[in-house]
Structure formats: structure tokens, C-alpha cells
file upload36.json (JSON, C-alpha atoms)
[["chain", "number", "residue", "atom", "x", "y", "z"],
["A", 290, "MET", "CA", 56.82, 34.05, 48.09],
["A", 291, "ARG", "CA", 57.52, 37.79, 47.90],
["A", 292, "VAL", "CA", 61.01, 37.10, 46.52],
["A", 293, "LYS", "CA", 59.61, 34.90, 43.74],
["A", 294, "LYS", "CA", 57.08, 37.58, 42.78],
["A", 295, "ARG", "CA", 59.77, 40.26, 42.57],
["A", 296, "SER", "CA", 61.94, 37.93, 40.49],
["A", 297, "ARG", "CA", 59.08, 37.35, 38.01],
["A", 298, "HIS", "CA", 58.53, 41.10, 37.71],
["A", 299, "ARG", "CA", 62.21, 41.75, 37.07],
["A", 300, "LYS", "CA", 62.28, 39.08, 34.35],
["A", 301, "ALA", "CA", 59.27, 40.66, 32.65],
["A", 302, "VAL", "CA", 60.84, 44.14, 32.74],
["A", 303, "LYS", "CA", 64.12, 42.73, 31.42],
["A", 304, "PHE", "CA", 62.27, 41.00, 28.56],
["A", 305, "TYR", "CA", 60.68, 44.27, 27.41],
["A", 306, "SER", "CA", 63.94, 46.18, 27.87],
["A", 307, "THR", "CA", 65.94, 43.66, 25.83],
["A", 308, "CYS", "CA", 63.45, 42.87, 23.06],
["A", 309, "PHE", "CA", 61.55, 46.17, 22.71],
["A", 310, "GLY", "CA", 63.99, 48.82, 23.93],
["A", 311, "PHE", "CA", 62.29, 50.02, 27.14],
["A", 312, "ARG", "CA", 64.54, 52.41, 29.10],
["A", 313, "GLU", "CA", 64.28, 54.40, 32.31],
["A", 314, "PRO", "CA", 62.47, 56.50, 33.25],
["A", 315, "TYR", "CA", 59.60, 54.16, 32.41],
["A", 316, "LYS", "CA", 56.30, 55.75, 31.37],
["A", 317, "VAL", "CA", 53.03, 54.33, 32.71],
["A", 318, "LEU", "CA", 49.70, 55.06, 31.02],
["A", 319, "VAL", "CA", 46.86, 54.87, 33.55],
["A", 320, "ASP", "CA", 43.10, 54.58, 33.04],
["A", 321, "GLY", "CA", 40.25, 55.39, 35.42],
["A", 322, "THR", "CA", 39.80, 51.84, 36.73],
["A", 323, "PHE", "CA", 43.42, 51.67, 37.90],
["A", 324, "VAL", "CA", 43.19, 55.08, 39.60],
["A", 325, "HIS", "CA", 40.11, 53.87, 41.46],
["A", 326, "HIS", "CA", 41.93, 50.70, 42.57],
["A", 327, "LEU", "CA", 44.88, 52.72, 43.91],
["A", 328, "LEU", "CA", 42.60, 54.96, 45.99],
["A", 329, "VAL", "CA", 40.44, 52.14, 47.34],
["A", 330, "HIS", "CA", 43.40, 50.04, 48.54],
["A", 331, "ARG", "CA", 45.50, 53.06, 49.58],
["A", 332, "LEU", "CA", 48.47, 52.24, 47.37],
["A", 333, "LEU", "CA", 49.84, 55.73, 47.81],
["A", 334, "PRO", "CA", 51.90, 57.48, 46.69],
["A", 335, "ALA", "CA", 51.23, 55.74, 43.41],
["A", 336, "ASP", "CA", 54.53, 56.64, 41.73],
["A", 337, "ASP", "CA", 56.51, 55.07, 44.58],
["A", 338, "ALA", "CA", 54.40, 51.89, 44.45],
["A", 339, "ILE", "CA", 54.93, 51.50, 40.71],
["A", 340, "ARG", "CA", 58.62, 52.38, 40.99],
["A", 341, "GLU", "CA", 59.05, 49.55, 43.48],
["A", 342, "LEU", "CA", 57.07, 47.22, 41.23],
["A", 343, "LEU", "CA", 59.35, 47.92, 38.25],
["A", 344, "SER", "CA", 62.54, 47.92, 40.38],
["A", 345, "ALA", "CA", 63.35, 51.28, 38.80],
["A", 346, "SER", "CA", 66.15, 53.53, 40.02],
["A", 347, "ARG", "CA", 64.36, 56.70, 38.91],
["A", 348, "THR", "CA", 60.91, 58.14, 39.50],
["A", 349, "THR", "CA", 58.32, 56.68, 37.13],
["A", 350, "PRO", "CA", 56.00, 59.32, 35.59],
["A", 351, "LEU", "CA", 52.30, 58.47, 35.35],
["A", 352, "PHE", "CA", 50.19, 59.58, 32.36],
["A", 353, "THR", "CA", 46.51, 59.72, 31.54],
["A", 354, "SER", "CA", 44.54, 61.26, 28.64],
["A", 355, "LYS", "CA", 41.78, 63.81, 28.23],
["A", 356, "CYS", "CA", 39.41, 61.05, 27.12],
["A", 357, "VAL", "CA", 40.02, 59.15, 30.36],
["A", 358, "LEU", "CA", 39.38, 62.35, 32.36],
["A", 359, "ALA", "CA", 36.18, 62.99, 30.42],
["A", 360, "GLU", "CA", 34.95, 59.46, 31.15],
["A", 361, "LEU", "CA", 35.60, 59.91, 34.89],
["A", 362, "ARG", "CA", 33.80, 63.24, 34.86],
["A", 363, "ARG", "CA", 30.72, 61.65, 33.29],
["A", 364, "LEU", "CA", 30.55, 59.08, 36.10],
["A", 365, "GLY", "CA", 29.48, 61.84, 38.50],
["A", 366, "LYS", "CA", 29.95, 62.31, 42.23],
["A", 367, "SER", "CA", 30.62, 58.62, 42.89],
["A", 368, "HIS", "CA", 33.97, 58.95, 41.15],
["A", 369, "ALA", "CA", 34.76, 62.55, 42.02],
["A", 370, "GLU", "CA", 37.78, 61.52, 44.08],
["A", 371, "ASP", "CA", 39.09, 59.45, 41.17],
["A", 372, "PHE", "CA", 38.64, 62.40, 38.83],
["A", 373, "ASP", "CA", 40.52, 64.76, 41.17],
["A", 374, "ALA", "CA", 43.40, 62.29, 41.55],
["A", 375, "ALA", "CA", 43.60, 61.69, 37.78],
["A", 376, "GLN", "CA", 43.81, 65.41, 37.13],
["A", 377, "LEU", "CA", 47.13, 65.49, 39.04],
["A", 378, "LEU", "CA", 48.75, 63.15, 36.50],
["A", 379, "ALA", "CA", 50.51, 64.20, 33.30],
["A", 380, "THR", "CA", 48.31, 64.22, 30.21],
["A", 381, "ALA", "CA", 49.34, 62.36, 27.06],
["A", 382, "SER", "CA", 48.21, 63.98, 23.81],
["A", 383, "CYS", "CA", 45.70, 61.65, 22.15],
["A", 384, "GLU", "CA", 44.79, 63.94, 19.19],
["A", 385, "HIS", "CA", 41.09, 63.16, 19.38],
["A", 386, "ASP", "CA", 38.86, 66.03, 18.27],
["A", 387, "LYS", "CA", 35.83, 64.31, 19.79],
["A", 388, "VAL", "CA", 36.03, 62.46, 23.07],
["A", 389, "VAL", "CA", 36.14, 58.66, 22.70],
["A", 390, "THR", "CA", 36.02, 55.88, 25.28],
["A", 391, "ALA", "CA", 39.02, 55.29, 27.50],
["A", 392, "VAL", "CA", 39.66, 51.88, 25.89],
["A", 393, "ASP", "CA", 39.75, 53.30, 22.36],
["A", 394, "CYS", "CA", 41.90, 56.22, 23.49],
["A", 395, "ILE", "CA", 44.51, 53.98, 25.14],
["A", 396, "LEU", "CA", 44.59, 51.63, 22.13],
["A", 397, "SER", "CA", 45.18, 54.60, 19.83],
["A", 398, "LEU", "CA", 48.02, 55.88, 22.03],
["A", 399, "VAL", "CA", 49.66, 52.47, 22.04],
["A", 400, "GLY", "CA", 49.19, 51.92, 18.31],
["A", 401, "ASP", "CA", 50.53, 48.85, 16.53],
["A", 402, "LYS", "CA", 54.01, 48.72, 18.12],
["A", 403, "ASN", "CA", 53.83, 51.03, 21.16],
["A", 404, "PRO", "CA", 56.40, 53.58, 19.88],
["A", 405, "GLU", "CA", 56.32, 55.59, 23.14],
["A", 406, "HIS", "CA", 57.11, 52.45, 25.21],
["A", 407, "TYR", "CA", 54.17, 52.78, 27.60],
["A", 408, "PHE", "CA", 53.41, 50.46, 30.47],
["A", 409, "VAL", "CA", 49.60, 50.32, 30.54],
["A", 410, "ALA", "CA", 48.00, 50.11, 33.99],
["A", 411, "THR", "CA", 44.36, 49.02, 33.96],
["A", 412, "GLN", "CA", 41.81, 46.84, 35.74],
["A", 413, "ASP", "CA", 39.70, 46.40, 32.59],
["A", 414, "SER", "CA", 39.91, 42.73, 31.58],
["A", 415, "ASP", "CA", 38.73, 43.40, 28.00],
["A", 416, "LEU", "CA", 41.43, 46.02, 27.49],
["A", 417, "ARG", "CA", 44.09, 43.73, 28.94],
["A", 418, "GLU", "CA", 43.04, 40.96, 26.52],
["A", 419, "LYS", "CA", 43.35, 43.32, 23.54],
["A", 420, "LEU", "CA", 46.76, 44.59, 24.69],
["A", 421, "ARG", "CA", 48.15, 41.04, 24.82],
["A", 422, "GLU", "CA", 47.92, 40.93, 21.02],
["A", 423, "VAL", "CA", 49.94, 44.12, 20.58],
["A", 424, "PRO", "CA", 53.71, 43.51, 20.59],
["A", 425, "GLY", "CA", 55.72, 45.37, 23.18],
["A", 426, "VAL", "CA", 52.95, 46.45, 25.59],
["A", 427, "PRO", "CA", 53.50, 45.40, 29.23],
["A", 428, "VAL", "CA", 50.37, 45.46, 31.36],
["A", 429, "ILE", "CA", 50.16, 46.36, 35.06],
["A", 430, "TYR", "CA", 47.15, 45.44, 37.17],
["A", 431, "GLY", "CA", 46.21, 45.32, 40.83],
["A", 432, "LEU", "CA", 44.99, 42.51, 43.05],
["A", 433, "LYS", "CA", 43.74, 43.77, 46.43],
["A", 434, "ASN", "CA", 46.68, 45.65, 47.98],
["A", 435, "SER", "CA", 49.33, 44.32, 45.58],
["A", 436, "LEU", "CA", 50.43, 45.26, 42.07],
["A", 437, "PHE", "CA", 51.50, 42.83, 39.36],
["A", 438, "ILE", "CA", 53.03, 42.83, 35.87],
["A", 439, "GLU", "CA", 51.52, 40.43, 33.39],
["A", 440, "GLN", "CA", 54.01, 37.99, 31.98],
["A", 441, "PRO", "CA", 54.65, 38.43, 28.22],
["A", 442, "SER", "CA", 51.96, 36.72, 26.16],
["A", 443, "VAL", "CA", 52.58, 34.03, 23.55],
["A", 444, "GLN", "CA", 52.04, 36.53, 20.73],
["A", 445, "GLN", "CA", 54.60, 38.94, 22.18],
["A", 446, "ARG", "CA", 57.22, 36.22, 22.64],
["A", 447, "LYS", "CA", 56.70, 34.99, 19.07],
["A", 448, "PHE", "CA", 57.03, 38.52, 17.73],
["A", 449, "ALA", "CA", 60.27, 39.06, 19.66],
["A", 450, "GLN", "CA", 61.67, 35.75, 18.39],
["A", 451, "LEU", "CA", 60.78, 36.50, 14.77],
["A", 452, "ASP", "CA", 62.25, 39.98, 15.03],
["A", 453, "GLU", "CA", 65.52, 38.60, 16.41],
["A", 454, "GLU", "CA", 65.74, 35.96, 13.66],
["A", 455, "LYS", "CA", 65.09, 38.63, 11.06],
["A", 456, "ARG", "CA", 67.96, 40.75, 12.38],
["A", 457, "ILE", "CA", 70.30, 37.73, 12.40],
["A", 458, "HIS", "CA", 69.44, 36.85, 8.78],
["A", 459, "MET", "CA", 69.96, 40.43, 7.72],
["A", 460, "GLU", "CA", 73.39, 40.45, 9.30],
["A", 461, "LYS", "CA", 74.35, 37.19, 7.53],
["A", 462, "SER", "CA", 73.18, 38.47, 4.16],
["A", 463, "GLU", "CA", 75.09, 41.71, 4.57],
["A", 464, "PHE", "CA", 78.18, 39.76, 5.58],
["A", 465, "LYS", "CA", 77.90, 37.59, 2.45],
["A", 466, "LYS", "CA", 77.57, 40.70, 0.29],
["A", 467, "LEU", "CA", 80.76, 42.12, 1.77],
["A", 468, "LEU", "CA", 82.64, 38.87, 1.17],
["A", 469, "LYS", "CA", 81.42, 38.73, -2.42],
["A", 470, "ALA", "CA", 82.44, 42.33, -3.07],
["A", 471, "SER", "CA", 85.88, 41.82, -1.55],
["A", 472, "SER", "CA", 86.51, 38.65, -3.60],
["A", 473, "GLU", "CA", 85.47, 40.42, -6.80],
["A", 474, "GLY", "CA", 87.74, 43.33, -5.96],
["A", 475, "LYS", "CA", 90.73, 41.03, -5.43],
["A", 476, "ALA", "CA", 90.08, 39.22, -8.72],
["A", 477, "SER", "CA", 89.87, 42.44, -10.74],
["A", 478, "GLY", "CA", 92.72, 44.11, -8.88],
["A", 479, "ASP", "CA", 90.55, 47.05, -7.98],
["A", 480, "VAL", "CA", 92.21, 48.90, -5.12],
["A", 481, "ASN", "CA", 89.07, 50.82, -4.17],
["A", 482, "ALA", "CA", 86.92, 47.69, -3.77],
["A", 483, "PRO", "CA", 85.67, 47.09, -0.20],
["A", 484, "GLY", "CA", 87.86, 44.73, 1.78],
["A", 485, "VAL", "CA", 90.85, 45.20, -0.54],
["A", 486, "ALA", "CA", 93.76, 47.23, 0.78],
["A", 487, "GLU", "CA", 96.28, 49.09, -1.31],
["A", 488, "LYS", "CA", 99.42, 47.11, -1.87],
["A", 489, "ASN", "CA", 101.77, 50.06, -1.52],
["A", 490, "LYS", "CA", 100.08, 51.19, 1.66],
["A", 491, "PHE", "CA", 101.51, 48.41, 3.78],
["A", 492, "LYS", "CA", 104.80, 47.97, 1.85],
["A", 493, "ARG", "CA", 107.88, 48.23, 4.04],
["A", 494, "ASN", "CA", 110.63, 50.53, 2.79],
["A", 495, "ARG", "CA", 114.00, 48.78, 2.74],
["A", 496, "ALA", "CA", 117.29, 50.59, 3.30],
["A", 497, "LYS", "CA", 119.22, 51.11, 0.03],
["A", 498, "GLY", "CA", 122.57, 51.85, 1.65],
["A", 499, "PRO", "CA", 124.23, 53.01, 4.86],
["A", 500, "ASN", "CA", 123.24, 56.37, 6.17],
["A", 501, "PRO", "CA", 126.27, 58.68, 5.79],
["A", 502, "LEU", "CA", 125.23, 60.70, 8.83],
["A", 503, "SER", "CA", 125.23, 57.67, 11.11],
["A", 504, "CYS", "CA", 128.62, 56.30, 9.91],
["A", 505, "LYS", "CA", 131.77, 57.11, 11.88],
["A", 506, "LYS", "CA", 134.82, 58.40, 10.07],
["A", 507, "LYS", "CA", 137.77, 56.03, 9.83],
["A", 508, "LYS", "CA", 140.69, 56.92, 12.09],
["A", 509, "PRO", "CA", 144.17, 56.93, 10.48],
["A", 510, "LYS", "CA", 146.48, 54.15, 11.68],
["A", 511, "LEU", "CA", 149.53, 55.24, 13.68],
["A", 512, "GLN", "CA", 152.95, 54.47, 12.07],
["A", 513, "PRO", "CA", 155.17, 52.33, 14.38],
["A", 514, "SER", "CA", 158.41, 53.98, 15.57],
["A", 515, "ASP", "CA", 161.91, 52.76, 14.71],
["A", 516, "GLY", "CA", 162.50, 51.32, 18.15],
["A", 517, "GLN", "CA", 159.34, 49.34, 18.05],
["A", 518, "ASN", "CA", 160.16, 47.86, 14.60],
["A", 519, "GLN", "CA", 163.60, 46.65, 15.68],
["A", 520, "GLY", "CA", 163.50, 43.02, 16.63],
["A", 521, "PRO", "CA", 166.35, 40.91, 18.12],
["A", 522, "THR", "CA", 169.84, 41.86, 16.79],
["A", 523, "ALA", "CA", 171.62, 39.79, 14.18],
["A", 524, "ASP", "CA", 174.39, 38.77, 16.67],
["A", 525, "GLY", "CA", 171.67, 37.14, 18.76],
["A", 526, "GLU", "CA", 172.37, 39.36, 21.70],
["A", 527, "ALA", "CA", 169.64, 39.17, 24.22],
["A", 528, "LYS", "CA", 168.36, 42.10, 26.11],
["A", 529, "ARG", "CA", 170.40, 42.94, 29.16],
["A", 530, "LYS", "CA", 168.71, 42.07, 32.35],
["A", 531, "ARG", "CA", 168.69, 44.49, 35.21],
["A", 532, "VAL", "CA", 170.78, 43.21, 38.11],
["A", 533, "ARG", "CA", 169.64, 44.27, 41.50],
["A", 534, "LYS", "CA", 172.36, 44.72, 44.11],
["A", 535, "ARG", "CA", 171.68, 43.35, 47.50],
["A", 536, "LYS", "CA", 172.24, 45.67, 50.39],
["A", 537, "ARG", "CA", 174.30, 44.13, 53.15],
["A", 538, "SER", "CA", 173.84, 44.89, 56.77],
["A", 539, "SER", "CA", 176.69, 45.78, 59.15],
["A", 540, "LYS", "CA", 176.63, 42.28, 60.61],
["A", 541, "ASP", "CA", 177.26, 40.71, 57.20],
["A", 542, "ARG", "CA", 180.15, 43.10, 56.58],
["A", 543, "ASP", "CA", 181.83, 42.12, 59.87],
["A", 544, "GLN", "CA", 181.51, 38.40, 59.05],
["A", 545, "ALA", "CA", 183.08, 38.97, 55.62],
["A", 546, "GLU", "CA", 186.05, 40.84, 57.13],
["A", 547, "THR", "CA", 186.78, 38.07, 59.65],
["A", 548, "MET", "CA", 186.70, 35.43, 56.97],
["A", 549, "SER", "CA", 189.18, 37.35, 54.89]]

call {"tool": "encode", "arguments": {"input": "upload36.json", "output": "C-alpha cells"}}
result
Amino acid sequence: MRVKKRSRHRKAVKFYSTCFGFREPYKVLVDGTFVHHLLVHRLLPADDAIRELLSASRTTPLFTSKCVLAELRRLGKSHAEDFDAAQLLATASCEHDKVVTAVDCILSLVGDKNPEHYFVATQDSDLREKLREVPGVPVIYGLKNSLFIEQPSVQQRKFAQLDEEKRIHMEKSEFKKLLKASSEGKASGDVNAPGVAEKNKFKRNRAKGPNPLSCKKKKPKLQPSDGQNQGPTADGEAKRKRVRKRKRSSKDRDQAETMS
């Protein structure tokens, strides 16, 4: 069961990374209700718990706002521990001159398209319902001693699909424009038209003649000598053959003397 839950969380993080450009280190915007849940169920340290939830390789910074801190301060001594813990978090600039509610402050920080790529961690069901309608806002919530990531809503999936189709159509239209410009350039013979290359640029230079530096000089032919030009004589005399004399041994000489 734990493996399936981790797999669902990884798929959700991958969806927001692919479709909305979320990158590490992830930023998590926290409200007072989520801080209270972390302290009650002892999910501490909070940054390690959320890092494990997101399967992140780097430490995940947690943010809150001055409006959230002001709301916790107004709740009095019952939430003093929550206020002290929230003060330790980084503060996101909300640019509110007058303090507003935590819900309105978080919605203003997220805006229409969540440009800062915040993960919003809250236990407020009304705020979670409003954030489902905003594209590119992943929501984290707690259930007893476990943390969960909401799966992308129908509105967010539709927005991602429409955005992808829009990019594909833009690429096709740009490609058609390039083809049209290149065909017009070829028809008019314009060298500077896009997609048309200069003719002389890729023309191969052919050799006009032999390179005199790479040619060897001709060697003069040797004149044949008189002896070499003489063929067989007119009388038909053949060349004299060398006659080898056979050396006789002393035994052969004795036999020849007896016979004579």
C-alpha cells in the first residue's frame, strides 16, 4: 500500500514538472492550519517530511506570509506554539499594505498561473477547492500522521492538454510559413530567402589541368651502344660456345697410357 501511495505522489510531481515547469528545489507555501497539523501529529522536522513526500533530492524550503502570521497571532495563546513555529519559516512577500485573511493572501500569491511554482500546503477544505480551479497549483494536505499530494484536478488536466495542443499548432504553422518562404525564394531565385542556399557556395571546383609542381620531369632515354645494336652476322655465324675442359684424374691418365 505504501508503494502505491509513493507511486501516485511521484506521478503527480512528474505531471506538474512536465506540464508546468516545476523544478527543484521545490517551494512550499504553508498556512496556519498545516503548521498546526504538523505539530499535533509530530511530523517533524517538517522539511524532511515534505522532502520525502515529493521524492526530492534537495532540501525543500517552506514559506509563509505576514498575513498568515498575523492570523495566528490573533488566535491567542491556544495557537502560540503554531505562531512560534511559523515564525521560523521563510516569509514570502505578499505586498499587502493592510493585513488580509490567510486564504486571500495565499490566493494572491498564487495568482492566475502560479508563476513562482508554489506547492500549497493547507488543511482548509475551502482553500483547496479554490486552488483546484487554478492551473498549475499542486496541493499538499495531511491525514493523521501521513502527508498526501492531491492528484491533478480535471480543470488542471484540461488546461495542460489545451496548452500542449496550442504549442503543437504553433509549431505546425511556423513550419508551414518556413516552407512557403523557401518555395517563394526558389521560384524568384532569391539567394537570401530562408531555406535557399547559394549555388556557388556548394559548387565543387574542378581541376583545369595538371599541377606542374606535382608532375615528374621526363628522364632522357639512353642511346644503345654499338655492340648491343649488332645482331647476328651476315655469314650466319653463331656465337661461339664456351667449351669446358674436363679435368682427368691420375687413374684415368694411367688407363689411357695402357690402351695406347

call {"tool": "closest_residue", "arguments": {"input": "upload36.json", "among": "A:Lys402, A:Lys466, A:His330, A:Lys293", "to": "A:Leu432", "atoms": "all atoms listed in the file"}}
result
A:His330

call {"tool": "atom_distance", "arguments": {"input": "upload36.json", "atom1": "atom CA of A:Leu436", "atom2": "atom CA of A:Ala335"}}
result
10.6 Å

call {"tool": "atom_distance", "arguments": {"input": "upload36.json", "atom1": "atom CA of A:Asp393", "atom2": "atom CA of A:Leu378"}}
result
19.4 Å

call {"tool": "atom_distance", "arguments": {"input": "upload36.json", "atom1": "atom CA of A:His298", "atom2": "atom CA of A:Thr322"}}
result
21.6 Å

call {"tool": "closest_residue", "arguments": {"input": "upload36.json", "among": "A:Val443, A:Cys356, A:Leu318, A:Ile339", "to": "A:Ala379", "atoms": "all atoms listed in the file"}}
result
A:Leu318

call {"tool": "closest_residue", "arguments": {"input": "upload36.json", "among": "A:Ala369, A:Val319, A:Val329, A:Val426", "to": "A:Asn403", "atoms": "only C-alpha atoms"}}
result
A:Val426

call {"tool": "residues_around", "arguments": {"input": "upload36.json", "residues": "A:Lys447", "least_positions_apart": "5", "cutoff": "12 Å", "atoms": "all atoms listed in the file", "output": "PyMOL selection string"}}
result
chain A and resi 308+421-425+441-442+452-454

call {"tool": "closest_residue", "arguments": {"input": "upload36.json", "among": "A:Leu416, A:Val409, A:Val302, A:Arg291", "to": "A:Ile429", "atoms": "only C-alpha atoms"}}
result
A:Val409

call {"tool": "residues_around", "arguments": {"input": "upload36.json", "residues": "A:Pro404", "least_positions_apart": "2", "cutoff": "12 Å", "atoms": "only C-alpha atoms", "output": "VMD selection string"}}
result
chain A and resid 309 to 311 316 397 to 402 406 to 408 423 to 426

call {"tool": "residues_around", "arguments": {"input": "upload36.json", "residues": "A:Glu360", "least_positions_apart": "4", "cutoff": "10 Å", "atoms": "all atoms listed in the file", "output": "JSON, numbers by chain"}}
result
{"A": [320, 321, 355, 356, 364, 365, 372, 388, 389, 390, 391]}

call {"tool": "write_last_selection", "arguments": {"input": "upload36.json", "atoms": "C-alpha atoms", "output": "PDB file, in the frame of the given file"}}
result
ATOM      1  CA  ASP A 320      43.100  54.580  33.040  1.00  0.00           C
ATOM      2  CA  GLY A 321      40.250  55.390  35.420  1.00  0.00           C
ATOM      3  CA  LYS A 355      41.780  63.810  28.230  1.00  0.00           C
ATOM      4  CA  CYS A 356      39.410  61.050  27.120  1.00  0.00           C
ATOM      5  CA  LEU A 364      30.550  59.080  36.100  1.00  0.00           C
ATOM      6  CA  GLY A 365      29.480  61.840  38.500  1.00  0.00           C
ATOM      7  CA  PHE A 372      38.640  62.400  38.830  1.00  0.00           C
ATOM      8  CA  VAL A 388      36.030  62.460  23.070  1.00  0.00           C
ATOM      9  CA  VAL A 389      36.140  58.660  22.700  1.00  0.00           C
ATOM     10  CA  THR A 390      36.020  55.880  25.280  1.00  0.00           C
ATOM     11  CA  ALA A 391      39.020  55.290  27.500  1.00  0.00           C
TER      12      ALA A 391
END

call {"tool": "residues_around", "arguments": {"input": "upload36.json", "residues": "A:Asp373", "least_positions_apart": "3", "cutoff": "12 Å", "atoms": "only C-alpha atoms", "output": "list of chain:residue names"}}
result
A:Gly321, A:Val324, A:His325, A:Leu328, A:Leu358, A:Ala359, A:Leu361, A:Arg362, A:Gly365, A:Lys366, A:Ser367, A:His368, A:Ala369, A:Glu370, A:Gln376, A:Leu377, A:Leu378

call {"tool": "closest_residue", "arguments": {"input": "upload36.json", "among": "A:Ala449, A:Ala338, A:Asp413, A:Cys394", "to": "A:Val428", "atoms": "all atoms listed in the file"}}
result
A:Asp413

call {"tool": "closest_residue", "arguments": {"input": "upload36.json", "among": "A:Ile395, A:Val317, A:Leu451, A:Ala470", "to": "A:Val357", "atoms": "all atoms listed in the file"}}
result
A:Ile395

call {"tool": "residues_near_point", "arguments": {"input": "upload36.json", "point": "(64.7, 57.3, 39.6)", "cutoff": "10 Å", "atoms": "all atoms listed in the file", "output": "PyMOL selection string"}}
result
chain A and resi 313-315+337+340+344-350

call {"tool": "axis_aligned_box", "arguments": {"input": "upload36.json", "around": "stretch 348-353 of chain A", "padding_each_side": "3 Å", "output": "JSON"}}
result
{"center_x": 53.7, "center_y": 58.2, "center_z": 35.5, "size_x": 20.4, "size_y": 9.0, "size_z": 14.0}
